[in-house]
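Asker: Here you go, protein-v8.txt (compact mmCIF, C-alpha atoms and all ligand atoms):
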```
# COMPACT_ATOMS: atom_id res chain seq x y z
CA MET A 1 -8.58 20.14 9.82
CA THR A 2 -7.57 19.44 6.27
CA MET A 3 -7.62 16.05 4.67
CA ALA A 4 -4.74 14.79 2.61
CA GLY A 5 -6.01 12.21 0.21
CA ARG A 6 -9.42 11.21 -0.93
CA VAL A 7 -11.98 8.93 0.56
CA ASP A 8 -14.99 7.58 -1.23
CA LYS A 9 -18.47 7.25 0.18
CA ASP A 10 -18.21 3.49 0.68
CA GLU A 11 -15.05 3.72 2.66
CA LEU A 12 -16.42 6.62 4.66
CA THR A 13 -19.44 4.54 5.56
CA GLU A 14 -17.43 1.46 6.34
CA GLN A 15 -14.69 3.09 8.41
CA LEU A 16 -16.55 5.74 10.37
CA ASP A 17 -17.09 4.60 13.93
CA LEU A 18 -20.68 5.58 14.68
CA GLU A 19 -20.30 5.21 18.43
CA TYR A 20 -17.33 7.52 18.32
CA TRP A 21 -19.41 9.98 16.35
CA PHE A 22 -22.28 9.95 18.90
CA ASP A 23 -19.79 10.59 21.70
CA ARG A 24 -18.05 13.31 19.74
CA GLU A 25 -21.32 15.10 19.04
CA SER A 26 -22.54 14.54 22.61
CA LEU A 27 -25.77 13.00 21.40
CA ALA A 28 -27.72 10.97 23.96
CA HIS A 29 -27.47 7.30 23.10
CA LYS A 30 -27.16 3.83 24.59
CA VAL A 31 -25.24 0.91 23.18
CA SER A 32 -26.61 -2.58 23.58
CA ARG A 33 -26.39 -5.99 22.03
CA GLY A 34 -29.17 -6.51 19.54
CA ALA A 35 -30.24 -9.44 17.39
CA SER A 36 -27.74 -8.56 14.68
CA GLY A 37 -24.76 -7.32 16.67
CA MET A 38 -24.23 -4.16 18.65
CA GLN A 39 -26.82 -1.49 18.23
CA ILE A 40 -27.10 2.16 19.11
CA ASN A 41 -30.31 3.43 20.61
CA ALA A 42 -30.55 7.17 20.04
CA LYS A 43 -32.72 9.44 22.13
CA ASP A 44 -33.61 11.89 19.40
CA CYS A 45 -34.95 11.21 15.93
CA PRO A 46 -33.46 13.72 13.46
CA LYS A 47 -36.52 13.33 11.23
CA CYS A 48 -39.56 13.71 13.48
CA GLY A 49 -37.88 15.08 16.56
CA ASP A 50 -39.33 12.46 18.86
CA ALA A 51 -37.14 12.27 21.96
CA ARG A 52 -38.33 9.05 23.55
CA TRP A 53 -35.42 6.75 22.57
CA ARG A 54 -37.21 5.22 19.58
CA VAL A 55 -34.35 5.23 17.07
CA TYR A 56 -32.29 2.05 16.68
CA LEU A 57 -29.20 1.81 14.47
CA ASN A 58 -26.82 -1.06 13.87
CA ALA A 59 -23.54 0.14 15.40
CA ASP A 60 -21.44 -1.20 12.51
CA THR A 61 -23.50 -0.38 9.46
CA GLY A 62 -25.64 2.46 10.80
CA LEU A 63 -28.69 0.87 9.23
CA GLY A 64 -31.83 1.33 11.26
CA ASN A 65 -34.98 3.34 11.71
CA CYS A 66 -37.20 5.40 13.91
CA PHE A 67 -40.15 3.51 15.38
CA VAL A 68 -42.23 6.67 15.57
CA CYS A 69 -41.99 8.17 12.07
CA ASN A 70 -40.62 5.04 10.37
CA GLU A 71 -37.80 6.96 8.72
CA GLY A 72 -35.02 4.60 7.60
CA PHE A 73 -31.39 5.54 8.18
CA ASN A 74 -27.93 4.58 7.17
CA LYS A 75 -24.79 5.92 8.77
CA LEU A 76 -24.29 8.96 6.58
CA LYS A 77 -27.96 9.76 6.28
CA PHE A 78 -28.38 9.78 10.05
CA ILE A 79 -25.36 12.02 10.48
CA HIS A 80 -26.55 14.24 7.66
CA MET A 81 -29.97 14.73 9.22
CA ALA A 82 -28.63 15.05 12.75
CA LEU A 83 -26.48 17.93 11.47
CA GLY A 84 -29.74 19.54 10.40
CA HIS A 85 -29.44 18.94 6.66
CA ASP A 86 -32.18 17.89 4.29
CA PRO A 87 -31.42 14.60 2.48
CA ASP A 88 -32.75 16.11 -0.76
CA ASP A 89 -30.42 19.08 -0.58
CA ARG A 90 -27.49 17.83 -2.63
CA LYS A 91 -25.21 20.71 -1.76
CA SER A 92 -25.33 20.06 1.97
CA TRP A 93 -24.12 16.47 1.45
CA ARG A 94 -20.67 17.92 0.75
CA LEU A 95 -20.70 19.38 4.27
CA THR A 96 -21.70 16.03 5.72
CA PHE A 97 -18.91 14.22 3.85
CA ASP A 98 -16.37 16.76 5.06
CA HIS A 99 -17.65 16.41 8.59
CA ALA A 100 -17.45 12.60 8.39
CA LYS A 101 -13.94 12.76 6.94
CA GLU A 102 -12.84 14.93 9.79
CA CYS A 103 -14.15 12.30 12.22
CA LEU A 104 -12.32 9.58 10.32
CA VAL A 105 -9.07 11.45 10.61
CA GLU A 106 -9.62 11.90 14.35
CA GLN A 107 -10.18 8.17 14.56
CA GLY A 108 -6.74 7.69 13.07
CA TRP A 109 -7.91 6.91 9.57
CA ARG A 110 -5.48 7.48 6.75
CA PRO A 111 -6.10 7.47 3.05
CA LYS A 112 -4.56 4.78 0.90
CA GLN A 113 -1.34 6.01 -0.60
CA ARG A 114 -2.02 7.19 -4.08
CA VAL A 115 0.15 8.46 -6.84
CA GLU A 116 1.66 11.47 -5.20
CA VAL A 117 4.89 11.88 -7.05
CA ALA A 118 4.79 13.09 -10.56
CA VAL A 119 6.84 10.57 -12.43
CA GLU A 120 8.14 11.22 -15.86
CA TYR A 121 9.24 9.02 -18.66
CA GLU A 122 8.83 8.89 -22.33
CA THR A 123 7.01 5.79 -23.39
CA ALA A 124 9.21 5.88 -26.46
CA THR A 125 12.04 4.63 -24.26
CA LEU A 126 10.06 1.48 -23.37
CA PRO A 127 9.33 -1.55 -25.51
CA ASP A 128 6.02 -1.17 -27.34
CA SER A 129 3.47 -1.55 -24.55
CA MET A 130 0.11 -0.35 -23.29
CA GLU A 131 -0.65 1.31 -19.99
CA LEU A 132 -2.60 -0.58 -17.35
CA PRO A 133 -5.43 -0.44 -16.85
CA THR A 134 -6.12 0.27 -20.51
CA LYS A 135 -7.92 3.45 -21.52
CA ASP A 136 -11.21 1.57 -21.45
CA GLY A 137 -10.49 0.36 -17.94
CA ARG A 138 -9.31 -3.19 -18.55
CA ASN A 139 -6.58 -4.85 -16.56
CA LEU A 140 -4.68 -8.09 -17.12
CA LYS A 141 -6.35 -11.16 -15.73
CA TYR A 142 -2.91 -12.27 -14.62
CA LEU A 143 -2.66 -9.19 -12.41
CA GLU A 144 -6.26 -9.32 -11.19
CA ASP A 145 -5.75 -12.95 -10.16
CA ARG A 146 -2.91 -11.78 -7.97
CA GLY A 147 -4.86 -8.96 -6.38
CA ILE A 148 -3.14 -6.31 -8.51
CA ILE A 149 -6.33 -4.47 -9.33
CA GLY A 150 -6.42 -1.60 -11.80
CA GLU A 151 -5.89 1.00 -9.09
CA LEU A 152 -2.66 -0.72 -8.02
CA ALA A 153 -1.44 -1.24 -11.57
CA LYS A 154 -1.93 2.47 -12.06
CA PHE A 155 -0.15 3.32 -8.81
CA PHE A 156 2.93 1.44 -10.02
CA HIS A 157 2.60 2.73 -13.61
CA LEU A 158 2.52 -0.84 -14.93
CA ARG A 159 2.31 -1.53 -18.65
CA PHE A 160 1.89 -4.65 -20.70
CA CYS A 161 4.02 -5.61 -23.65
CA ILE A 162 2.23 -8.01 -25.96
CA SER A 163 5.08 -8.08 -28.39
CA GLY A 164 7.91 -5.59 -28.28
CA LYS A 165 11.61 -5.13 -28.55
CA TRP A 166 14.09 -3.15 -26.55
CA TRP A 167 16.89 -1.84 -28.75
CA PHE A 168 20.29 -1.15 -27.28
CA THR A 169 23.77 -0.32 -28.44
CA ASN A 170 26.41 -2.81 -27.36
CA GLU A 171 29.99 -2.10 -26.39
CA GLU A 172 31.26 -2.52 -29.93
CA GLY A 173 28.75 0.08 -31.09
CA GLY A 174 26.50 -2.49 -32.75
CA ARG A 175 22.74 -2.53 -32.30
CA GLY A 176 20.96 -5.39 -30.63
CA PHE A 177 17.56 -6.09 -29.15
CA GLN A 178 15.82 -8.00 -26.41
CA LYS A 179 12.25 -9.21 -26.72
CA PHE A 180 9.84 -8.25 -23.96
CA ASP A 181 6.90 -10.22 -25.33
CA GLN A 182 4.19 -11.18 -22.82
CA ARG A 183 5.77 -9.25 -20.00
CA VAL A 184 4.45 -6.76 -17.50
CA ILE A 185 6.67 -3.70 -17.71
CA ILE A 186 7.56 -2.29 -14.31
CA PRO A 187 9.13 1.16 -14.64
CA ILE A 188 11.72 2.13 -12.07
CA TYR A 189 12.21 5.67 -10.88
CA ASP A 190 14.70 7.45 -8.73
CA LEU A 191 13.59 9.04 -5.45
CA ASP A 192 12.66 12.24 -7.24
CA GLY A 193 10.42 10.44 -9.73
CA THR A 194 12.73 10.51 -12.73
CA PHE A 195 12.51 7.38 -14.87
CA LYS A 196 15.69 5.31 -14.73
CA THR A 197 15.05 1.83 -16.03
CA PHE A 198 12.46 -0.93 -16.07
CA GLN A 199 11.90 -4.61 -15.57
CA GLY A 200 9.81 -6.98 -17.63
CA ARG A 201 8.06 -9.70 -15.67
CA ASP A 202 7.03 -12.77 -17.65
CA ILE A 203 3.39 -13.73 -17.24
CA THR A 204 3.37 -16.93 -19.29
CA GLY A 205 5.17 -19.02 -16.68
CA LEU A 206 7.00 -20.64 -19.58
CA VAL A 207 10.20 -18.66 -19.13
CA LEU A 208 12.22 -20.43 -16.51
CA ASP A 209 15.54 -18.64 -16.44
CA LYS A 210 14.47 -15.01 -16.90
CA LYS A 211 11.29 -14.43 -14.92
CA TYR A 212 12.41 -10.79 -14.70
CA LEU A 213 14.16 -9.37 -17.72
CA PHE A 214 16.32 -6.26 -17.45
CA PRO A 215 17.03 -3.99 -20.38
CA LYS A 216 20.62 -3.87 -21.53
CA GLY A 217 22.23 -0.47 -21.78
CA LEU A 218 20.25 1.17 -18.97
CA PRO A 219 21.62 1.55 -15.46
CA GLY A 220 21.24 -1.59 -13.35
CA THR A 221 18.29 -1.69 -10.95
CA GLY A 222 20.63 -2.50 -8.05
CA ARG A 223 21.26 1.12 -7.22
CA TYR A 224 17.58 2.11 -6.98
CA LEU A 225 14.67 1.32 -4.71
CA LEU A 226 11.50 0.16 -6.39
CA ASN A 227 8.75 2.64 -5.49
CA GLY A 228 11.32 4.72 -3.61
CA GLN A 229 9.70 7.77 -5.19
CA SER A 230 6.64 7.19 -2.99
CA VAL A 231 8.51 7.30 0.31
CA GLN A 232 8.75 11.08 0.32
CA ARG A 233 8.54 12.07 3.95
CA ALA A 234 7.04 8.81 5.22
CA ARG A 235 8.28 7.56 8.58
CA ARG A 236 8.01 3.84 7.86
CA ALA A 237 8.79 1.62 4.90
CA VAL A 238 8.59 -2.12 4.31
CA MET A 239 11.07 -3.61 1.88
CA GLY A 240 10.38 -6.61 -0.30
CA GLU A 241 12.50 -7.93 -3.10
CA GLY A 242 10.94 -8.01 -6.57
CA GLY A 243 8.11 -6.05 -8.12
CA PHE A 244 5.37 -8.51 -7.32
CA ASP A 245 6.47 -8.65 -3.69
CA VAL A 246 6.19 -4.88 -3.50
CA PHE A 247 2.70 -4.99 -5.04
CA ALA A 248 1.65 -7.61 -2.49
CA LEU A 249 3.07 -5.47 0.32
CA LYS A 250 1.14 -2.45 -0.91
CA LEU A 251 -2.06 -4.48 -1.03
CA ALA A 252 -1.49 -5.72 2.52
CA MET A 253 -0.58 -2.32 3.98
CA ASP A 254 -3.54 -0.61 2.30
CA GLY A 255 -5.82 -3.27 3.74
CA GLU A 256 -5.36 -2.05 7.28
CA VAL A 257 -5.86 1.57 8.20
CA ALA A 258 -3.14 1.49 10.86
CA LEU A 259 -0.59 0.43 8.24
CA ARG A 260 -1.40 2.85 5.47
CA ASP A 261 1.51 5.08 6.33
CA VAL A 262 3.94 2.23 5.63
CA VAL A 263 5.38 2.62 2.14
CA PRO A 264 6.33 -0.58 0.32
CA ILE A 265 9.62 -0.51 -1.54
CA GLY A 266 11.73 -3.12 -3.33
CA SER A 267 15.43 -3.91 -3.18
CA PHE A 268 15.54 -5.98 -6.43
CA GLY A 269 17.67 -8.59 -4.69
CA LYS A 270 18.62 -9.83 -1.26
CA HIS A 271 21.34 -7.30 -0.96
CA LEU A 272 21.71 -3.55 -0.55
CA SER A 273 24.29 -1.81 -2.71
CA PHE A 274 26.62 0.62 -0.95
CA GLY A 275 30.02 2.25 -1.17
CA SER A 276 29.86 3.38 -4.78
CA ALA A 277 31.74 6.50 -5.74
CA GLY A 278 29.42 9.49 -5.85
CA GLY A 279 26.84 7.76 -3.69
CA ASP A 280 24.93 6.21 -6.57
CA ASP A 281 23.75 3.20 -4.58
CA GLN A 282 20.87 2.02 -2.42
CA LEU A 283 22.39 2.86 0.94
CA SER A 284 22.96 6.46 -0.13
CA ARG A 285 19.34 6.60 -1.20
CA PHE A 286 18.32 5.40 2.26
CA ARG A 287 20.51 8.12 3.71
CA THR A 288 18.58 10.66 1.65
CA LEU A 289 15.26 9.20 2.77
CA LYS A 290 16.41 9.34 6.38
CA LYS A 291 17.11 13.05 5.99
CA GLN A 292 13.59 13.46 4.61
CA GLY A 293 12.03 11.82 7.64
CA LEU A 294 12.21 8.05 7.18
CA GLU A 295 12.83 6.38 10.54
CA GLU A 296 12.14 2.69 10.21
CA VAL A 297 12.56 0.00 7.57
CA THR A 298 11.13 -3.50 7.92
CA ILE A 299 12.78 -6.01 5.62
CA MET A 300 10.48 -8.74 4.34
CA TRP A 301 12.34 -11.07 2.03
CA ASP A 302 11.72 -14.77 1.43
CA GLY A 303 11.00 -17.06 4.36
CA GLU A 304 14.27 -18.93 4.26
CA TRP A 305 17.47 -18.99 6.26
CA LYS A 306 19.81 -17.59 3.62
CA ALA A 307 17.44 -14.71 2.92
CA LEU A 308 17.16 -14.05 6.65
CA LEU A 309 20.91 -13.84 7.10
CA ALA A 310 21.09 -11.59 4.04
CA ALA A 311 18.39 -9.41 5.62
CA CYS A 312 20.54 -9.16 8.76
CA GLU A 313 23.42 -7.83 6.67
CA ALA A 314 21.09 -5.31 5.03
CA ALA A 315 19.73 -4.30 8.45
CA LYS A 316 23.27 -3.68 9.67
CA LEU A 317 23.78 -1.29 6.77
CA LEU A 318 20.50 0.50 7.44
CA ARG A 319 21.62 1.06 11.01
CA GLN A 320 24.73 2.76 9.68
CA VAL A 321 22.51 5.51 8.35
CA ASP A 322 20.61 5.70 11.66
CA LEU A 323 17.49 3.90 10.54
CA VAL A 324 15.68 1.49 12.79
CA ALA A 325 15.85 -1.85 10.99
CA LYS A 326 13.41 -4.67 11.59
CA ILE A 327 13.18 -8.08 10.00
CA ALA A 328 9.88 -9.77 9.27
CA LEU A 329 9.72 -13.54 9.01
CA LEU A 330 7.34 -15.04 6.50
CA PRO A 331 6.31 -18.70 6.58
CA ALA A 332 9.05 -21.05 5.39
CA GLY A 333 9.62 -20.99 1.66
CA ARG A 334 7.25 -18.09 0.94
CA ASP A 335 7.67 -14.55 -0.25
CA PRO A 336 5.10 -11.72 0.20
CA ASN A 337 3.62 -12.50 -3.20
CA GLU A 338 2.85 -16.07 -2.18
CA VAL A 339 0.90 -15.52 1.02
CA THR A 340 -2.33 -13.72 1.90
CA ALA A 341 -2.42 -10.09 2.96
CA ASP A 342 -3.22 -11.25 6.50
CA VAL A 343 -0.03 -13.28 6.65
CA VAL A 344 1.97 -10.32 5.35
CA ARG A 345 0.47 -8.04 8.00
CA ARG A 346 1.10 -10.52 10.79
CA ALA A 347 4.73 -10.84 9.71
CA PHE A 348 4.96 -7.06 9.70
CA TRP A 349 3.47 -6.64 13.19
CA GLU A 350 5.73 -9.37 14.56
CA ALA A 351 8.91 -8.12 12.89
CA VAL A 352 11.98 -8.34 15.09
CA PRO A 353 14.23 -5.29 15.54
CA TYR A 354 17.71 -6.08 14.29
CA SER A 355 20.38 -6.50 16.92
CA GLN A 356 23.72 -8.20 16.90
CA SER A 357 22.62 -10.79 19.43
CA GLN A 358 19.52 -11.61 17.40
CA HIS A 359 21.72 -11.90 14.34
CA ILE A 360 23.96 -14.40 16.12
CA LYS A 361 20.95 -16.41 17.31
CA TRP A 362 19.72 -16.72 13.77
CA MET A 363 23.20 -17.63 12.53
CA LEU A 364 23.33 -20.47 15.01
CA LYS A 365 19.85 -21.75 14.38
CA ASP A 366 17.63 -21.70 11.31
CA PRO A 367 14.24 -20.49 12.62
CA PHE A 368 12.47 -21.90 9.60
CA LYS A 369 13.32 -25.41 10.72
CA SER A 370 11.30 -26.50 13.68
ZN ZN B 401 -38.70 9.73 13.87
```
Can you dump the structure from the file as structure tokens?
Ligand SMILES: [Zn+2]
Answerer:
Amino acid sequence: MTMAGRVDKDELTEQLDLEYWFDRESLAHKVSRGASGMQINAKDCPKCGDARWRVYLNADTGLGNCFVCNEGFNKLKFIHMALGHDPDDRKSWRLTFDHAKECLVEQGWRPKQRVEVAVEYETATLPDSMELPTKDGRNLKYLEDRGIIGELAKFFHLRFCISGKWWFTNEEGGRGFQKFDQRVIIPIYDLDGTFKTFQGRDITGLVLDKKYLFPKGLPGTGRYLLNGQSVQRARRAVMGEGGFDVFALKLAMDGEVALRDVVPIGSFGKHLSFGSAGGDDQLSRFRTLKKQGLEEVTIMWDGEWKALLAACEAAKLLRQVDLVAKIALLPAGRDPNEVTADVVRRAFWEAVPYSQSQHIKWMLKDPFKS
């Protein structure tokens, strides 16, 4: 079995179900409740070969030891030795990791979605800005405080503009500029990864009217899907509104193995564009994604009545291109960026499939008012 995606040693250790592994390898063992949680009592010690049930391992962490030879184990070390490898033989660890990965995949583990689509843009087309994290690995505190760790900033190709201008040519042929100072630059790509435009998100909190700034002279964001380039052949997507909602969705989906196949995308507004000549709109892009294998879209906009009714309209459109549309309800007055990952996941699990009768129920009664 081949593994798409990488897994590091920590995640391998954390996610691998040791009980599953004992069963899979048909190794004699008993599971019982010990002082510190469930423990596995193994018949054979891979170190000394004693076969009198003297090895005890914590079922979660794999930490434990043999009471005959006193050898200490952790999950991977036990597996490594049980496979007949020497812990000092560095080469054979590769085999153990591959073996453990294979088990993870059997368990239903999936890697976090990483940058899979080669995106292209010339930084010259952006306001003067630096990539995040920086070359020496630093990230903005503003992002870190919101859970947008370096790995995520990199996934979304975020940049930071300390002070920079975007030059454009106006309709009369004159040159003008917009300042993107103190903004996180969020590049926007088409489904195939070509750079189309960008947004600048203010991080000072002092800009009240233009939290998100859009560059003049580039195509409007309304025809694209934020992170649409990552959908590829995914079966499920979850759709937030703005950039920071999409980042929060990614964080939440990555946090649970069963949700790692769900690709977060953004609509840029509580509306899906459709009906443009030549199909240069969001619905046409969903049609393309459907052809590539997308089956289901869960809309997760703000927890408020107007947004919910807008989501119903969007869901109706998604159904026109044969997608299953679901609507997730967040707590009243909140968007994905304002709640914990747990709350996002719960809303996702409890999302309601769109139907006309459900739509009418919601029209008649605001579910955010109790
Ligand atoms: Zn032993």
Asker: 9 Å from ligand ZN 401 (chain B) is the threshold here; counting all atoms listed in the file, which polymer residues fall inside it? Answer as a PyMOL selection string.
Answerer: chain A and resi 44-51+54-55+65-72
Asker: Hey, what's within 9 Å of His359 of chain A if we count all atoms listed in the file and toss same-chain stuff fewer than 3 positions away? As a PDB file with C-alpha atoms, in the frame of the given file, please?
Answerer:
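The result, stored in part18.pdb:
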```
ATOM      1  CA  LEU A 309      20.910 -13.840   7.100  1.00  0.00           C
ATOM      2  CA  CYS A 312      20.540  -9.160   8.760  1.00  0.00           C
ATOM      3  CA  GLU A 313      23.420  -7.830   6.670  1.00  0.00           C
ATOM      4  CA  TYR A 354      17.710  -6.080  14.290  1.00  0.00           C
ATOM      5  CA  SER A 355      20.380  -6.500  16.920  1.00  0.00           C
ATOM      6  CA  GLN A 356      23.720  -8.200  16.900  1.00  0.00           C
ATOM      7  CA  TRP A 362      19.720 -16.720  13.770  1.00  0.00           C
ATOM      8  CA  MET A 363      23.200 -17.630  12.530  1.00  0.00           C
ATOM      9  CA  LEU A 364      23.330 -20.470  15.010  1.00  0.00           C
TER      10      LEU A 364
END
```
Asker: List every protein, DNA or RNA residue with an atom no more than 8 Å from (10.4, 13.7, 7.3) in the file's coordinates, counting only C-alpha atoms, and format the result as a PyMOL selection string.
Answerer: chain A and resi 232-235+290-294
Asker: Find the spatial neighbours of segment 238-250 of chain A, counting all atoms listed in the file, within a cut-off of 7 Å - ignore same-chain residues fewer than 4 positions away - and output them as a PDB file with C-alpha atoms, in the coordinates of the input.
Answerer:
```pdb
ATOM      1  CA  ILE A 148      -3.140  -6.310  -8.510  1.00  0.00           C
ATOM      2  CA  ASP A 254      -3.540  -0.610   2.300  1.00  0.00           C
ATOM      3  CA  VAL A 262       3.940   2.230   5.630  1.00  0.00           C
ATOM      4  CA  VAL A 263       5.380   2.620   2.140  1.00  0.00           C
ATOM      5  CA  PRO A 264       6.330  -0.580   0.320  1.00  0.00           C
ATOM      6  CA  ILE A 265       9.620  -0.510  -1.540  1.00  0.00           C
ATOM      7  CA  GLY A 266      11.730  -3.120  -3.330  1.00  0.00           C
ATOM      8  CA  SER A 267      15.430  -3.910  -3.180  1.00  0.00           C
ATOM      9  CA  PHE A 268      15.540  -5.980  -6.430  1.00  0.00           C
ATOM     10  CA  GLY A 269      17.670  -8.590  -4.690  1.00  0.00           C
ATOM     11  CA  LYS A 270      18.620  -9.830  -1.260  1.00  0.00           C
ATOM     12  CA  VAL A 297      12.560   0.000   7.570  1.00  0.00           C
ATOM     13  CA  THR A 298      11.130  -3.500   7.920  1.00  0.00           C
ATOM     14  CA  ILE A 299      12.780  -6.010   5.620  1.00  0.00           C
ATOM     15  CA  MET A 300      10.480  -8.740   4.340  1.00  0.00           C
ATOM     16  CA  TRP A 301      12.340 -11.070   2.030  1.00  0.00           C
ATOM     17  CA  ASP A 335       7.670 -14.550  -0.250  1.00  0.00           C
ATOM     18  CA  PRO A 336       5.100 -11.720   0.200  1.00  0.00           C
ATOM     19  CA  ASN A 337       3.620 -12.500  -3.200  1.00  0.00           C
TER      20      ASN A 337
END
```
Asker: Quick one: axis-aligned box around all listed atoms of segment 257-266 of chain A, 8 Å on every side, centre and edge lengths in Å to one decimal, written as lines of an AutoDock Vina configuration file.
Answerer:
```
center_x = 2.9
center_y = 1.0
center_z = 3.8
size_x = 33.6
size_y = 24.2
size_z = 30.2
```
Asker: Output segment 145-168 of chain A with N, CA and C atoms present, as a PDB file, keeping the file's coordinate frame.
Answerer:
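Here's the written file selection.pdb:
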```
ATOM      1  N   ASP A 145      -5.814 -11.696 -10.908  1.00  0.00           N
ATOM      2  CA  ASP A 145      -5.750 -12.950 -10.160  1.00  0.00           C
ATOM      3  C   ASP A 145      -4.803 -12.854  -8.974  1.00  0.00           C
ATOM      4  N   ARG A 146      -3.868 -11.944  -9.058  1.00  0.00           N
ATOM      5  CA  ARG A 146      -2.910 -11.780  -7.970  1.00  0.00           C
ATOM      6  C   ARG A 146      -3.234 -10.583  -7.088  1.00  0.00           C
ATOM      7  N   GLY A 147      -4.431 -10.070  -7.234  1.00  0.00           N
ATOM      8  CA  GLY A 147      -4.860  -8.960  -6.380  1.00  0.00           C
ATOM      9  C   GLY A 147      -4.366  -7.602  -6.851  1.00  0.00           C
ATOM     10  N   ILE A 148      -3.646  -7.588  -7.994  1.00  0.00           N
ATOM     11  CA  ILE A 148      -3.140  -6.310  -8.510  1.00  0.00           C
ATOM     12  C   ILE A 148      -4.257  -5.685  -9.341  1.00  0.00           C
ATOM     13  N   ILE A 149      -5.196  -5.077  -8.660  1.00  0.00           N
ATOM     14  CA  ILE A 149      -6.330  -4.470  -9.330  1.00  0.00           C
ATOM     15  C   ILE A 149      -5.874  -3.226 -10.105  1.00  0.00           C
ATOM     16  N   GLY A 150      -6.763  -2.728 -10.944  1.00  0.00           N
ATOM     17  CA  GLY A 150      -6.420  -1.600 -11.800  1.00  0.00           C
ATOM     18  C   GLY A 150      -5.797  -0.428 -11.048  1.00  0.00           C
ATOM     19  N   GLU A 151      -6.365  -0.132  -9.897  1.00  0.00           N
ATOM     20  CA  GLU A 151      -5.890   1.000  -9.090  1.00  0.00           C
ATOM     21  C   GLU A 151      -4.410   0.822  -8.714  1.00  0.00           C
ATOM     22  N   LEU A 152      -4.051  -0.435  -8.378  1.00  0.00           N
ATOM     23  CA  LEU A 152      -2.660  -0.720  -8.020  1.00  0.00           C
ATOM     24  C   LEU A 152      -1.750  -0.677  -9.239  1.00  0.00           C
ATOM     25  N   ALA A 153      -2.235  -1.249 -10.339  1.00  0.00           N
ATOM     26  CA  ALA A 153      -1.440  -1.240 -11.570  1.00  0.00           C
ATOM     27  C   ALA A 153      -1.120   0.207 -11.947  1.00  0.00           C
ATOM     28  N   LYS A 154      -2.103   1.064 -11.739  1.00  0.00           N
ATOM     29  CA  LYS A 154      -1.930   2.470 -12.060  1.00  0.00           C
ATOM     30  C   LYS A 154      -0.928   3.121 -11.095  1.00  0.00           C
ATOM     31  N   PHE A 155      -1.057   2.768  -9.827  1.00  0.00           N
ATOM     32  CA  PHE A 155      -0.150   3.320  -8.810  1.00  0.00           C
ATOM     33  C   PHE A 155       1.304   3.048  -9.180  1.00  0.00           C
ATOM     34  N   PHE A 156       1.562   1.821  -9.673  1.00  0.00           N
ATOM     35  CA  PHE A 156       2.930   1.440 -10.020  1.00  0.00           C
ATOM     36  C   PHE A 156       3.283   1.706 -11.482  1.00  0.00           C
ATOM     37  N   HIS A 157       2.367   2.359 -12.196  1.00  0.00           N
ATOM     38  CA  HIS A 157       2.600   2.730 -13.610  1.00  0.00           C
ATOM     39  C   HIS A 157       2.907   1.510 -14.470  1.00  0.00           C
ATOM     40  N   LEU A 158       2.242   0.386 -14.194  1.00  0.00           N
ATOM     41  CA  LEU A 158       2.520  -0.840 -14.930  1.00  0.00           C
ATOM     42  C   LEU A 158       2.022  -0.737 -16.370  1.00  0.00           C
ATOM     43  N   ARG A 159       2.703  -1.449 -17.242  1.00  0.00           N
ATOM     44  CA  ARG A 159       2.310  -1.530 -18.650  1.00  0.00           C
ATOM     45  C   ARG A 159       2.400  -2.980 -19.073  1.00  0.00           C
ATOM     46  N   PHE A 160       1.789  -3.280 -20.197  1.00  0.00           N
ATOM     47  CA  PHE A 160       1.890  -4.650 -20.700  1.00  0.00           C
ATOM     48  C   PHE A 160       2.426  -4.636 -22.117  1.00  0.00           C
ATOM     49  N   CYS A 161       3.423  -5.478 -22.328  1.00  0.00           N
ATOM     50  CA  CYS A 161       4.020  -5.610 -23.650  1.00  0.00           C
ATOM     51  C   CYS A 161       3.515  -6.919 -24.257  1.00  0.00           C
ATOM     52  N   ILE A 162       2.713  -6.803 -25.281  1.00  0.00           N
ATOM     53  CA  ILE A 162       2.230  -8.010 -25.960  1.00  0.00           C
ATOM     54  C   ILE A 162       3.374  -8.568 -26.799  1.00  0.00           C
ATOM     55  N   SER A 163       3.956  -7.700 -27.556  1.00  0.00           N
ATOM     56  CA  SER A 163       5.080  -8.080 -28.390  1.00  0.00           C
ATOM     57  C   SER A 163       5.893  -6.818 -28.619  1.00  0.00           C
ATOM     58  N   GLY A 164       7.122  -6.806 -28.146  1.00  0.00           N
ATOM     59  CA  GLY A 164       7.910  -5.590 -28.280  1.00  0.00           C
ATOM     60  C   GLY A 164       9.382  -5.829 -28.056  1.00  0.00           C
ATOM     61  N   LYS A 165      10.161  -4.984 -28.663  1.00  0.00           N
ATOM     62  CA  LYS A 165      11.610  -5.130 -28.550  1.00  0.00           C
ATOM     63  C   LYS A 165      12.219  -3.934 -27.844  1.00  0.00           C
ATOM     64  N   TRP A 166      13.286  -4.208 -27.148  1.00  0.00           N
ATOM     65  CA  TRP A 166      14.090  -3.150 -26.550  1.00  0.00           C
ATOM     66  C   TRP A 166      15.406  -3.107 -27.312  1.00  0.00           C
ATOM     67  N   TRP A 167      15.664  -1.989 -27.964  1.00  0.00           N
ATOM     68  CA  TRP A 167      16.890  -1.840 -28.750  1.00  0.00           C
ATOM     69  C   TRP A 167      17.982  -1.211 -27.913  1.00  0.00           C
ATOM     70  N   PHE A 168      19.171  -1.742 -28.030  1.00  0.00           N
ATOM     71  CA  PHE A 168      20.290  -1.150 -27.280  1.00  0.00           C
ATOM     72  C   PHE A 168      21.537  -1.156 -28.165  1.00  0.00           C
TER      73      PHE A 168
END
```
